[in-house]
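**Student:** For reference, the file final13.cif (mmCIF, C-alpha atoms and all ligand atoms) is included below:
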data_model
#
loop_
_atom_site.label_atom_id
_atom_site.label_comp_id
_atom_site.auth_asym_id
_atom_site.auth_seq_id
_atom_site.Cartn_x
_atom_site.Cartn_y
_atom_site.Cartn_z
CA MET R 153 0.00 0.00 0.00
CA ILE R 154 1.16 3.54 -0.75
CA ILE R 155 0.55 6.47 1.62
CA THR R 156 0.20 9.77 -0.26
CA VAL R 157 0.62 12.92 1.83
CA THR R 158 -0.77 16.29 0.70
CA PRO R 159 0.54 19.09 2.95
CA ASN R 160 -1.54 21.84 1.33
CA PRO R 161 -4.77 20.50 -0.19
CA ALA R 162 -7.26 22.85 -1.84
CA LEU R 163 -10.95 22.95 -2.46
CA ASP R 164 -10.99 23.32 -6.25
CA LEU R 165 -13.85 25.57 -7.32
CA THR R 166 -14.68 25.88 -11.00
CA TYR R 167 -16.84 28.85 -12.01
CA ALA R 168 -18.29 28.83 -15.51
CA VAL R 169 -18.86 32.26 -17.06
CA PRO R 170 -19.70 33.25 -20.67
CA ALA R 171 -16.56 35.45 -20.88
CA ILE R 172 -14.30 37.44 -18.52
CA ALA R 173 -14.37 41.25 -18.76
CA LEU R 174 -11.69 42.69 -16.43
CA GLY R 175 -13.06 45.16 -13.90
CA GLU R 176 -16.68 44.02 -14.47
CA SER R 177 -18.90 41.83 -12.29
CA HIS R 178 -19.91 38.43 -13.66
CA ARG R 179 -22.84 36.10 -13.19
CA VAL R 180 -21.51 32.57 -12.63
CA THR R 181 -23.53 30.07 -14.69
CA SER R 182 -22.38 26.95 -12.82
CA VAL R 183 -20.13 26.02 -9.89
CA THR R 184 -18.39 22.70 -9.27
CA GLU R 185 -16.47 21.78 -6.12
CA ARG R 186 -13.83 19.08 -5.87
CA ALA R 187 -11.31 17.88 -3.31
CA GLY R 188 -7.98 18.95 -4.81
CA GLY R 189 -4.32 18.52 -4.04
CA LYS R 190 -1.36 16.77 -5.62
CA GLY R 191 -1.19 13.86 -3.16
CA LEU R 192 -4.92 13.28 -3.64
CA ASN R 193 -4.24 13.10 -7.39
CA VAL R 194 -1.46 10.54 -6.77
CA ALA R 195 -3.82 8.37 -4.70
CA SER R 196 -6.56 8.78 -7.29
CA VAL R 197 -4.26 7.68 -10.16
CA LEU R 198 -3.07 4.68 -8.13
CA THR R 199 -6.71 3.76 -7.51
CA SER R 200 -7.47 4.03 -11.29
CA MET R 201 -4.55 1.65 -11.93
CA GLY R 202 -5.74 -0.86 -9.31
CA SER R 203 -2.99 -0.12 -6.75
CA GLY R 204 -3.77 0.32 -3.06
CA ALA R 205 -3.26 3.88 -1.80
CA VAL R 206 -4.44 5.97 1.12
CA ALA R 207 -4.51 9.77 0.90
CA VAL R 208 -3.47 11.59 4.08
CA ALA R 209 -4.03 15.35 4.39
CA PRO R 210 -5.01 18.05 6.87
CA VAL R 211 -8.43 19.42 5.97
CA GLY R 212 -10.31 22.33 7.56
CA GLU R 213 -13.15 21.13 9.81
CA LEU R 214 -15.79 22.95 7.72
CA ASP R 215 -14.66 21.20 4.52
CA LEU R 216 -14.17 17.70 5.91
CA ASP R 217 -17.58 16.38 4.85
CA LEU R 218 -17.17 17.65 1.30
CA PHE R 219 -13.66 16.16 1.01
CA ARG R 220 -14.78 12.82 2.44
CA ARG R 221 -17.85 12.61 0.19
CA ASP R 222 -15.87 13.54 -2.93
CA LEU R 223 -13.04 11.07 -2.26
CA ASP R 224 -15.55 8.32 -1.37
CA ALA R 225 -17.39 8.95 -4.64
CA ARG R 226 -14.07 8.61 -6.48
CA ARG R 227 -13.30 5.45 -4.40
CA VAL R 228 -10.04 7.00 -3.13
CA PRO R 229 -9.26 5.70 0.38
CA HIS R 230 -8.36 8.52 2.78
CA ARG R 231 -7.40 9.43 6.34
CA LEU R 232 -8.10 13.14 6.64
CA VAL R 233 -6.83 14.98 9.70
CA PRO R 234 -9.28 17.64 10.93
CA SER R 235 -7.69 21.08 11.19
CA PRO R 236 -8.92 24.34 12.72
CA CYS R 237 -7.30 26.16 9.74
CA PRO R 238 -9.64 26.62 6.78
CA THR R 239 -8.64 24.70 3.66
CA ARG R 240 -7.51 27.04 0.91
CA ARG R 241 -9.53 27.57 -2.27
CA SER R 242 -8.25 27.27 -5.83
CA VAL R 243 -10.67 29.01 -8.17
CA ALA R 244 -10.71 28.31 -11.90
CA VAL R 245 -12.87 30.69 -13.91
CA VAL R 246 -13.66 28.93 -17.17
CA GLU R 247 -15.06 30.88 -20.13
CA ALA R 248 -17.44 29.43 -22.70
CA GLY R 249 -14.52 29.21 -25.17
CA GLY R 250 -12.64 26.95 -22.72
CA ARG R 251 -10.01 29.43 -21.49
CA ALA R 252 -9.33 28.96 -17.74
CA THR R 253 -8.07 31.74 -15.42
CA LEU R 254 -6.80 30.45 -12.07
CA PHE R 255 -6.65 32.02 -8.60
CA ASN R 256 -4.74 29.87 -6.09
CA GLU R 257 -4.77 30.78 -2.40
CA ALA R 258 -1.48 30.16 -0.57
CA GLY R 259 -2.97 28.22 2.35
CA VAL R 260 -2.59 28.70 6.09
CA PRO R 261 0.23 26.88 7.93
CA GLU R 262 -1.05 24.10 10.20
CA SER R 263 -0.18 24.02 13.90
CA LYS R 264 2.39 21.58 15.28
CA ARG R 265 -0.55 19.73 16.85
CA VAL R 266 -2.10 19.01 13.42
CA TRP R 267 1.27 17.83 12.08
CA ASP R 268 1.68 15.59 15.14
CA ARG R 269 -1.74 14.05 14.31
CA LEU R 270 -0.72 13.66 10.67
CA CYS R 271 2.47 11.85 11.72
CA GLU R 272 0.38 9.60 14.02
CA GLU R 273 -1.83 8.67 11.04
CA ILE R 274 1.28 7.85 8.98
CA ALA R 275 2.73 5.72 11.80
CA ALA R 276 -0.62 3.89 12.17
CA LEU R 277 -0.79 3.13 8.43
CA ALA R 278 2.91 2.26 8.07
CA PRO R 279 2.67 -1.47 8.99
CA GLU R 280 0.37 -2.00 5.96
CA ALA R 281 2.41 0.24 3.63
CA SER R 282 5.73 0.10 1.81
CA VAL R 283 5.99 3.52 0.14
CA LEU R 284 5.10 7.09 1.16
CA THR R 285 4.83 10.06 -1.17
CA VAL R 286 4.69 13.78 -0.30
CA SER R 287 3.35 16.00 -3.09
CA GLY R 288 2.75 19.64 -3.82
CA SER R 289 3.21 22.94 -2.08
CA PHE R 290 3.28 23.86 1.59
CA PRO R 291 1.36 26.89 2.86
CA THR R 292 3.43 30.09 2.79
CA GLY R 293 5.33 30.32 6.07
CA ALA R 294 5.04 26.58 6.89
CA ASP R 295 7.93 25.09 8.85
CA THR R 296 10.57 23.90 6.34
CA GLU R 297 11.39 20.93 8.63
CA LEU R 298 8.07 19.18 7.91
CA ALA R 299 9.02 17.17 4.81
CA ARG R 300 12.27 16.15 6.47
CA ARG R 301 10.34 15.06 9.57
CA VAL R 302 7.95 12.93 7.49
CA THR R 303 10.88 11.43 5.51
CA LEU R 304 12.69 10.42 8.71
CA LEU R 305 9.49 8.99 10.23
CA ALA R 306 8.74 7.00 7.07
CA HIS R 307 12.28 5.61 6.92
CA GLU R 308 12.12 4.62 10.62
CA SER R 309 8.89 2.78 9.76
CA GLY R 310 10.61 0.92 6.89
CA LEU R 311 8.91 2.85 4.06
CA ARG R 312 10.50 4.10 0.85
CA VAL R 313 9.99 7.83 0.31
CA VAL R 314 9.13 9.72 -2.89
CA LEU R 315 9.10 13.54 -2.69
CA ASP R 316 7.42 15.72 -5.31
CA ILE R 317 8.00 19.01 -3.47
CA SER R 318 10.24 22.00 -4.06
CA GLY R 319 12.12 24.95 -2.58
CA PRO R 320 13.47 24.87 0.98
CA HIS R 321 11.09 22.01 1.93
CA LEU R 322 12.84 19.83 -0.66
CA THR R 323 16.37 20.99 0.08
CA ARG R 324 15.93 20.45 3.86
CA ALA R 325 14.54 16.95 3.19
CA LEU R 326 17.39 16.00 0.81
CA ALA R 327 19.74 15.64 3.79
CA ALA R 328 17.43 12.90 5.13
CA GLY R 329 18.16 10.82 1.99
CA PRO R 330 14.75 10.43 0.30
CA ASP R 331 14.71 7.43 -2.03
CA LEU R 332 13.39 9.37 -5.01
CA VAL R 333 12.67 13.04 -5.70
CA LYS R 334 10.49 14.17 -8.63
CA PRO R 335 10.40 17.93 -9.12
CA ASN R 336 9.64 19.35 -12.54
CA ARG R 337 12.37 21.31 -14.36
CA VAL R 338 11.43 24.71 -12.91
CA GLU R 339 10.95 23.37 -9.36
CA ALA R 340 14.34 21.63 -9.54
CA ALA R 341 16.05 24.85 -10.67
CA VAL R 342 14.36 26.94 -7.94
CA SER R 343 15.26 24.37 -5.28
CA LEU R 344 18.88 24.18 -6.39
CA SER R 345 19.14 27.99 -6.41
CA SER R 346 18.05 27.94 -2.73
CA LEU R 347 21.04 25.59 -2.20
CA GLY R 348 23.25 28.38 -3.51
CA ARG R 349 23.54 27.33 -7.16
CA GLY R 350 23.37 30.58 -9.14
CA ASP R 351 23.31 29.13 -12.67
CA VAL R 352 20.24 27.58 -14.31
CA PRO R 353 21.12 23.91 -14.63
CA SER R 354 20.14 21.71 -17.59
CA VAL R 355 17.66 18.96 -16.71
CA PRO R 356 20.40 16.27 -16.43
CA GLN R 357 22.56 18.64 -14.36
CA ALA R 358 19.62 19.33 -12.04
CA ALA R 359 18.93 15.61 -11.55
CA ARG R 360 22.61 14.99 -10.83
CA ALA R 361 22.77 17.91 -8.37
CA LEU R 362 19.72 16.62 -6.45
CA VAL R 363 21.43 13.24 -6.07
CA ALA R 364 24.69 14.92 -5.04
CA ALA R 365 22.70 16.83 -2.37
CA GLY R 366 21.35 13.63 -0.79
CA ALA R 367 18.52 12.02 -2.80
CA ARG R 368 19.17 8.34 -3.64
CA SER R 369 17.69 9.01 -7.09
CA ALA R 370 16.15 11.94 -8.96
CA VAL R 371 13.61 12.07 -11.77
CA VAL R 372 13.28 15.60 -13.13
CA SER R 373 10.18 15.88 -15.31
CA ASP R 374 10.21 18.24 -18.25
CA GLY R 375 6.65 18.37 -19.62
CA THR R 376 6.49 17.55 -23.34
CA ASN R 377 10.24 16.68 -23.30
CA GLY R 378 9.65 13.72 -20.99
CA LEU R 379 11.99 13.20 -18.04
CA VAL R 380 15.55 12.54 -16.94
CA LEU R 381 16.59 10.04 -14.28
CA VAL R 382 19.86 9.95 -12.37
CA HIS R 383 20.56 7.13 -9.92
CA ASP R 384 24.10 6.72 -8.66
CA SER R 385 24.41 3.64 -6.50
CA LEU R 386 27.58 1.63 -6.03
CA GLY R 387 28.24 -0.17 -9.28
CA HIS R 388 24.93 0.94 -10.85
CA ASP R 389 25.33 4.47 -12.20
CA VAL R 390 22.33 5.12 -14.40
CA ALA R 391 21.39 8.30 -16.28
CA LEU R 392 18.48 7.98 -18.72
CA ARG R 393 16.10 10.20 -20.65
CA ALA R 394 12.59 8.90 -21.42
CA ARG R 395 9.95 10.53 -23.61
CA LEU R 396 7.23 9.99 -26.17
CA PRO R 397 8.27 10.52 -29.80
CA ARG R 398 5.60 13.27 -30.07
CA PRO R 399 3.85 15.16 -27.26
CA LEU R 400 0.11 14.66 -26.83
CA SER R 401 -2.36 17.51 -26.71
CA GLY R 402 -4.72 17.66 -23.78
CA ASN R 403 -4.67 18.67 -20.11
CA PRO R 404 -1.12 18.47 -18.68
CA THR R 405 -2.23 19.43 -15.12
CA GLY R 406 -1.64 16.40 -12.95
CA ALA R 407 0.68 14.63 -15.43
CA GLY R 408 3.48 14.95 -12.86
CA ASP R 409 1.24 13.44 -10.20
CA ALA R 410 0.58 10.44 -12.48
CA LEU R 411 4.36 10.10 -12.93
CA THR R 412 4.86 10.16 -9.14
CA ALA R 413 2.12 7.52 -8.80
CA SER R 414 3.80 5.26 -11.36
CA LEU R 415 7.25 5.58 -9.76
CA ALA R 416 5.77 4.88 -6.31
CA ALA R 417 3.95 1.81 -7.66
CA ASP R 418 7.28 0.55 -9.05
CA LEU R 419 9.01 1.07 -5.70
CA GLU R 420 6.22 -0.86 -4.03
CA ALA R 421 6.38 -3.73 -6.54
CA GLY R 422 10.20 -3.97 -6.43
CA GLY R 423 10.57 -3.39 -2.68
CA ASP R 424 13.23 -0.76 -3.45
CA LEU R 425 14.50 1.47 -6.26
CA PRO R 426 15.06 -0.27 -9.59
CA SER R 427 18.67 -1.34 -9.93
CA GLY R 428 20.57 -1.23 -13.20
CA ARG R 429 19.78 0.29 -16.58
CA ASP R 430 17.18 -2.20 -17.83
CA VAL R 431 15.00 -2.24 -14.70
CA TRP R 432 15.11 1.58 -14.59
CA ALA R 433 14.26 1.77 -18.31
CA ALA R 434 11.15 -0.37 -17.71
CA ALA R 435 10.10 1.82 -14.75
CA LEU R 436 10.60 5.04 -16.75
CA ARG R 437 8.66 3.59 -19.68
CA ARG R 438 5.72 3.05 -17.32
CA GLY R 439 6.21 6.53 -15.80
CA VAL R 440 6.07 8.24 -19.19
CA ALA R 441 3.07 6.13 -20.28
CA TRP R 442 1.09 6.84 -17.07
CA SER R 443 1.87 10.57 -17.16
CA ALA R 444 1.11 10.90 -20.88
CA ALA R 445 -2.16 8.99 -20.31
CA ALA R 446 -3.04 11.61 -17.67
CA VAL R 447 -2.74 14.33 -20.35
CA LEU R 448 -5.61 12.64 -22.21
CA GLN R 449 -7.98 13.03 -19.23
CA PRO R 450 -9.98 16.24 -18.65
CA VAL R 451 -9.34 16.28 -14.88
CA ALA R 452 -6.19 15.71 -12.83
CA GLY R 453 -5.97 12.42 -10.93
CA ALA R 454 -7.33 10.09 -13.59
CA VAL R 455 -5.73 7.73 -16.10
CA ASP R 456 -7.29 5.09 -18.33
CA PRO R 457 -5.31 1.81 -18.16
CA ALA R 458 -6.13 1.24 -21.87
CA ASP R 459 -4.28 4.48 -22.77
CA VAL R 460 -1.31 3.38 -20.65
CA ALA R 461 -1.16 0.01 -22.43
CA ARG R 462 -1.32 1.70 -25.85
CA LEU R 463 1.37 4.30 -25.06
CA LEU R 464 3.81 1.97 -23.29
CA PRO R 465 5.52 0.47 -26.39
CA THR R 466 5.99 3.93 -27.95
CA VAL R 467 8.17 5.38 -25.15
CA GLU R 468 11.74 6.16 -26.22
CA ILE R 469 14.63 5.63 -23.78
CA GLU R 470 18.06 7.11 -24.31
CA GLU R 471 21.21 6.83 -22.20
CA ILE R 472 22.78 10.14 -21.09
CA PRO R 473 26.58 10.16 -20.73
CA LEU R 474 27.52 10.53 -17.03
N1 LIG X 1 1.89 17.14 -23.62
C1 LIG X 1 2.41 16.00 -23.14
N2 LIG X 1 2.44 14.89 -23.91
C2 LIG X 1 2.94 13.74 -23.43
N3 LIG X 1 3.44 13.59 -22.20
C3 LIG X 1 3.44 14.65 -21.38
C4 LIG X 1 2.92 15.92 -21.81
N4 LIG X 1 3.04 16.79 -20.78
C5 LIG X 1 3.59 16.09 -19.76
N5 LIG X 1 3.84 14.81 -20.13
C6 LIG X 1 4.41 13.75 -19.31
O1 LIG X 1 4.12 14.05 -17.95
C7 LIG X 1 5.33 14.13 -17.19
C8 LIG X 1 5.18 15.19 -16.13
O2 LIG X 1 4.96 16.43 -16.74
P1 LIG X 1 5.42 17.81 -16.09
O3 LIG X 1 6.90 17.91 -16.10
O4 LIG X 1 4.64 18.88 -16.79
O5 LIG X 1 4.92 17.60 -14.60
P2 LIG X 1 4.47 18.64 -13.49
O6 LIG X 1 4.87 20.03 -13.86
O7 LIG X 1 4.97 18.10 -12.20
O8 LIG X 1 2.87 18.47 -13.55
P3 LIG X 1 1.79 18.58 -12.36
O9 LIG X 1 2.49 19.14 -11.15
O10 LIG X 1 0.70 19.45 -12.91
O11 LIG X 1 1.28 17.19 -12.12
C9 LIG X 1 6.42 14.39 -18.21
O12 LIG X 1 7.67 13.89 -17.73
C10 LIG X 1 5.92 13.64 -19.43
O13 LIG X 1 6.26 12.26 -19.33
MG MG X 2 4.17 18.59 -10.32
#
Mind turning the file's structure into structure tokens?
**Tutor:**
Amino acid sequence: MIITVTPNPALDLTYAVPAIALGESHRVTSVTERAGGKGLNVASVLTSMGSGAVAVAPVGELDLDLFRRDLDARRVPHRLVPSPCPTRRSVAVVEAGGRATLFNEAGVPESKRVWDRLCEEIAALAPEASVLTVSGSFPTGADTELARRVTLLAHESGLRVVLDISGPHLTRALAAGPDLVKPNRVEAAVSLSSLGRGDVPSVPQAARALVAAGARSAVVSDGTNGLVLVHDSLGHDVALRARLPRPLSGNPTGAGDALTASLAADLEAGGDLPSGRDVWAAALRRGVAWSAAAVLQPVAGAVDPADVARLLPTVEIEEIPL
């Protein structure tokens, strides 16, 4: 089983309007509400693919019922930790022509008490689990020790750890030796600059630098260009690029979460990181196929296994000189 942690979930509100006129007031023609957050997407993708996952997140007391009902309807198992802080809102205003304008609140940092409860939930689930993921942002001003704390707790409980986080939260956690980190290209560059790297690294350089800073392996995703993996373990130095021959058009939001889900599922199946070029190549092939399949879905957190099966043989893998 895979535990997926979302430090900063959001209630995703979608307002439909005929068209936006700046400075004017608008009548909203329909509103939809959905439990949102990157770790929830990871759990949802794992559920679509038939893997066991449990989503763990702090959720404001007033929004708990909505989150529980929505996740139940999507058959995503969850352990939500009630919080006195209101859950942030992410508002998408969608015009009749399909253009979406987004407003994302930053979120309110949770108290130490809520994080203690979250860690208790993780410890309670750990005997049934083998992998833990942490995904997405933290509220502005949140303690930068939190991801490191969760990584250490998960390792003590015998879990492998996958981090899809960025900035100081990622760089603090690197020292705890997460098994795999998966920032996208921009997140990797921002995180490395907070480590004092002034230059903008290439994607392979960024993956290598994340491993040099403490991650056992790094997958840096690069949107339509696929991804780069670096894993330096004694005797098994692997650096690979994986991508589709042609990008797909669709909805790329949540593609990275599908990639995280795929990599976590591989860690669970193998009991540890892949070792050697061929096992990594197979894992990256699945990662690219799952994430590309997510692009074909209108909402984040879904993949169709038939799309994954169709895309899998088309993924191209290339060795990068170390
Ligand atoms: N247009 C596309 N066509 C095919 N595959 C794509 C496309 N966009 C993204 N992908 C796949 O999804 C992976 C993750 O994409 P990306 O780097 O954009 O993640 P991300 O920024 O973390 O996304 P998010 O945080 O919204 O989930 C890429 O490595 C690639 O395999
Ligand atoms: Mg992402």
**Student:** May I have the residues within 12 Å of R:His230 as a VMD selection string, using all atoms listed in the file and disregarding those fewer than 6 positions away in the same chain?
**Tutor:** chain R and resid 154 to 158 187 191 to 196 199 204 to 211 216 219 to 224 273 to 274 277
**Student:** Please dump the current selection as a short mmCIF file (atom, residue, chain, number, x, y, z; two decimals), in the coordinates of the input; keep C-alpha atoms.
**Tutor:**
data_model
loop_
_atom_site.label_atom_id
_atom_site.label_comp_id
_atom_site.auth_asym_id
_atom_site.auth_seq_id
_atom_site.Cartn_x
_atom_site.Cartn_y
_atom_site.Cartn_z
CA ILE R 154 1.16 3.54 -0.75
CA ILE R 155 0.55 6.47 1.62
CA THR R 156 0.20 9.77 -0.26
CA VAL R 157 0.62 12.92 1.83
CA THR R 158 -0.77 16.29 0.70
CA ALA R 187 -11.31 17.88 -3.31
CA GLY R 191 -1.19 13.86 -3.16
CA LEU R 192 -4.92 13.28 -3.64
CA ASN R 193 -4.24 13.10 -7.39
CA VAL R 194 -1.46 10.54 -6.77
CA ALA R 195 -3.82 8.37 -4.70
CA SER R 196 -6.56 8.78 -7.29
CA THR R 199 -6.71 3.76 -7.51
CA GLY R 204 -3.77 0.32 -3.06
CA ALA R 205 -3.26 3.88 -1.80
CA VAL R 206 -4.44 5.97 1.12
CA ALA R 207 -4.51 9.77 0.90
CA VAL R 208 -3.47 11.59 4.08
CA ALA R 209 -4.03 15.35 4.39
CA PRO R 210 -5.01 18.05 6.87
CA VAL R 211 -8.43 19.42 5.97
CA LEU R 216 -14.17 17.70 5.91
CA PHE R 219 -13.66 16.16 1.01
CA ARG R 220 -14.78 12.82 2.44
CA ARG R 221 -17.85 12.61 0.19
CA ASP R 222 -15.87 13.54 -2.93
CA LEU R 223 -13.04 11.07 -2.26
CA ASP R 224 -15.55 8.32 -1.37
CA GLU R 273 -1.83 8.67 11.04
CA ILE R 274 1.28 7.85 8.98
CA LEU R 277 -0.79 3.13 8.43
#
**Student:** Have a look at R:Ala365, R:Leu344, R:Ala391, R:Leu415 and name the one nearest to ligand LIG 1 (chain X); count only C-alpha atoms and all ligand atoms.
**Tutor:**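 When distances to ligand LIG 1 (chain X) are compared using only C-alpha atoms and all ligand atoms, the smallest one comes from R:Leu415.
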**Student:** Nearest to ligand MG 2 (chain X): which of R:Leu464, R:Val355, R:Ala417, R:Val333 is it, counting all atoms listed in the file?
**Tutor:**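 Ranked by minimum distance to ligand MG 2 (chain X), first place goes to R:Val333.
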**Student:** With 8 Å added on each side, what axis-aligned box encloses every listed atom of ligand LIG 1 (chain X)? Give the centre and edge lengths in Å to one decimal, as lines of an AutoDock Vina configuration file.
**Tutor:**
center_x = 4.2
center_y = 16.1
center_z = -17.5
size_x = 23.0
size_y = 23.8
size_z = 28.8
**Student:** Which residue out of R:Thr303, R:Thr412, R:Asn377, R:Thr253 has the minimum interatomic distance to R:Ala446 when all atoms listed in the file are used?
**Tutor:**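 Among the listed residues, R:Thr412 lies closest to R:Ala446.
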**Student:** Quick one: residues within 7 Å of ligand MG 2 (chain X), with all atoms listed in the file, as a ChimeraX atom specification?
**Tutor:** /R:288,316,335-336,406,408-409
**Student:** Could you tell me, counting all atoms listed in the file, which protein and nucleic acid residues lie no more than 7 Å from ligand LIG 1 (chain X), written as a VMD selection string?
**Tutor:** chain R and resid 335 to 337 373 to 379 395 to 396 399 to 402 404 to 411 439 to 441 443 to 444 447
**Student:** Provide the atom CA of R:Val180 to atom CA of R:Gly249 distance in Å, to one decimal place.
**Tutor:**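 If I compute the distance from atom CA of R:Val180 to atom CA of R:Gly249, I get 14.7 Å.
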**Student:** Between R:Leu311, R:Ala361, R:Val455, R:Ile472, which has the minimum distance to R:Leu198 (counting all atoms listed in the file)?
**Tutor:**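 Of the candidates, the smallest distance to R:Leu198 is held by R:Val455.
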**Student:** Quick check, in Å to one decimal: how far apart do atom CA of R:Pro234 and atom CA of R:Pro261 lie?
**Tutor:**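 Interatomic distance, atom CA of R:Pro234 to atom CA of R:Pro261: 13.6 Å.
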**Student:** Name all residues at most 12 Å from R:Glu470 (count all atoms listed in the file; drop same-chain ones fewer than 2 positions away) and give them as a list in words.
**Tutor:**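 Final neighbour list, sorted by chain and number: Gly378, Leu379, Val380, Leu381, Val390, Ala391, Leu392, Arg393, Ala394, Arg395, Leu396, Pro397, Arg429, Asp430, Trp432, Ala433, Leu436, Arg437, Val467, Glu468, Ile472 and Pro473 of chain R.
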**Student:** Record the distance separating atom CA of R:Val382 and atom CA of R:Ala416, expressed in Å with one decimal.
**Tutor:**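 Atom CA of R:Ala416 lies 16.2 Å from atom CA of R:Val382.
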**Student:** Using all atoms listed in the file, which of the listed residues (R:His321, R:Arg398, R:His307, R:His388) sits closest to R:Val342?
**Tutor:**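 Residue with the minimum atom-to-atom distance to R:Val342: R:His321.
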**Student:** Select, from R:Gly189, R:Gly202, R:Pro229, R:Gly250, the residue with the minimum atom-to-atom distance to R:Ser289, counting all atoms listed in the file.
**Tutor:**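 Among the listed residues, R:Gly189 lies closest to R:Ser289.
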**Student:** Would you pick out the contacts of R:Arg300 at 7 Å or less, using only C-alpha atoms, so that residues sharing its chain but fewer than 3 positions from it are not included, and give the list as an MDAnalysis selection string?
**Tutor:** chainID R and resid 297 303:304 324:325 328
**Student:** Which protein, DNA or RNA residues have an atom at most 10 Å from (10.1, 29.1, 3.1), counting only C-alpha atoms? List them as a VMD selection string.
**Tutor:** chain R and resid 290 to 297 319 to 321 346
**Student:** Using only C-alpha atoms, which protein or nucleic acid residues come within 7 Å of R:Arg186? Drop anything in the same chain fewer than 5 positions from it, and give the result as number ranges by chain.
**Tutor:** R: 163-165, 222
**Student:** Could you please take those selected residues and save C-alpha atoms as a PDB file, in the frame of the given file?
**Tutor:**
ATOM      1  CA  LEU R 163     -10.950  22.950  -2.460  1.00  0.00           C
ATOM      2  CA  ASP R 164     -10.990  23.320  -6.250  1.00  0.00           C
ATOM      3  CA  LEU R 165     -13.850  25.570  -7.320  1.00  0.00           C
ATOM      4  CA  ASP R 222     -15.870  13.540  -2.930  1.00  0.00           C
TER       5      ASP R 222
END
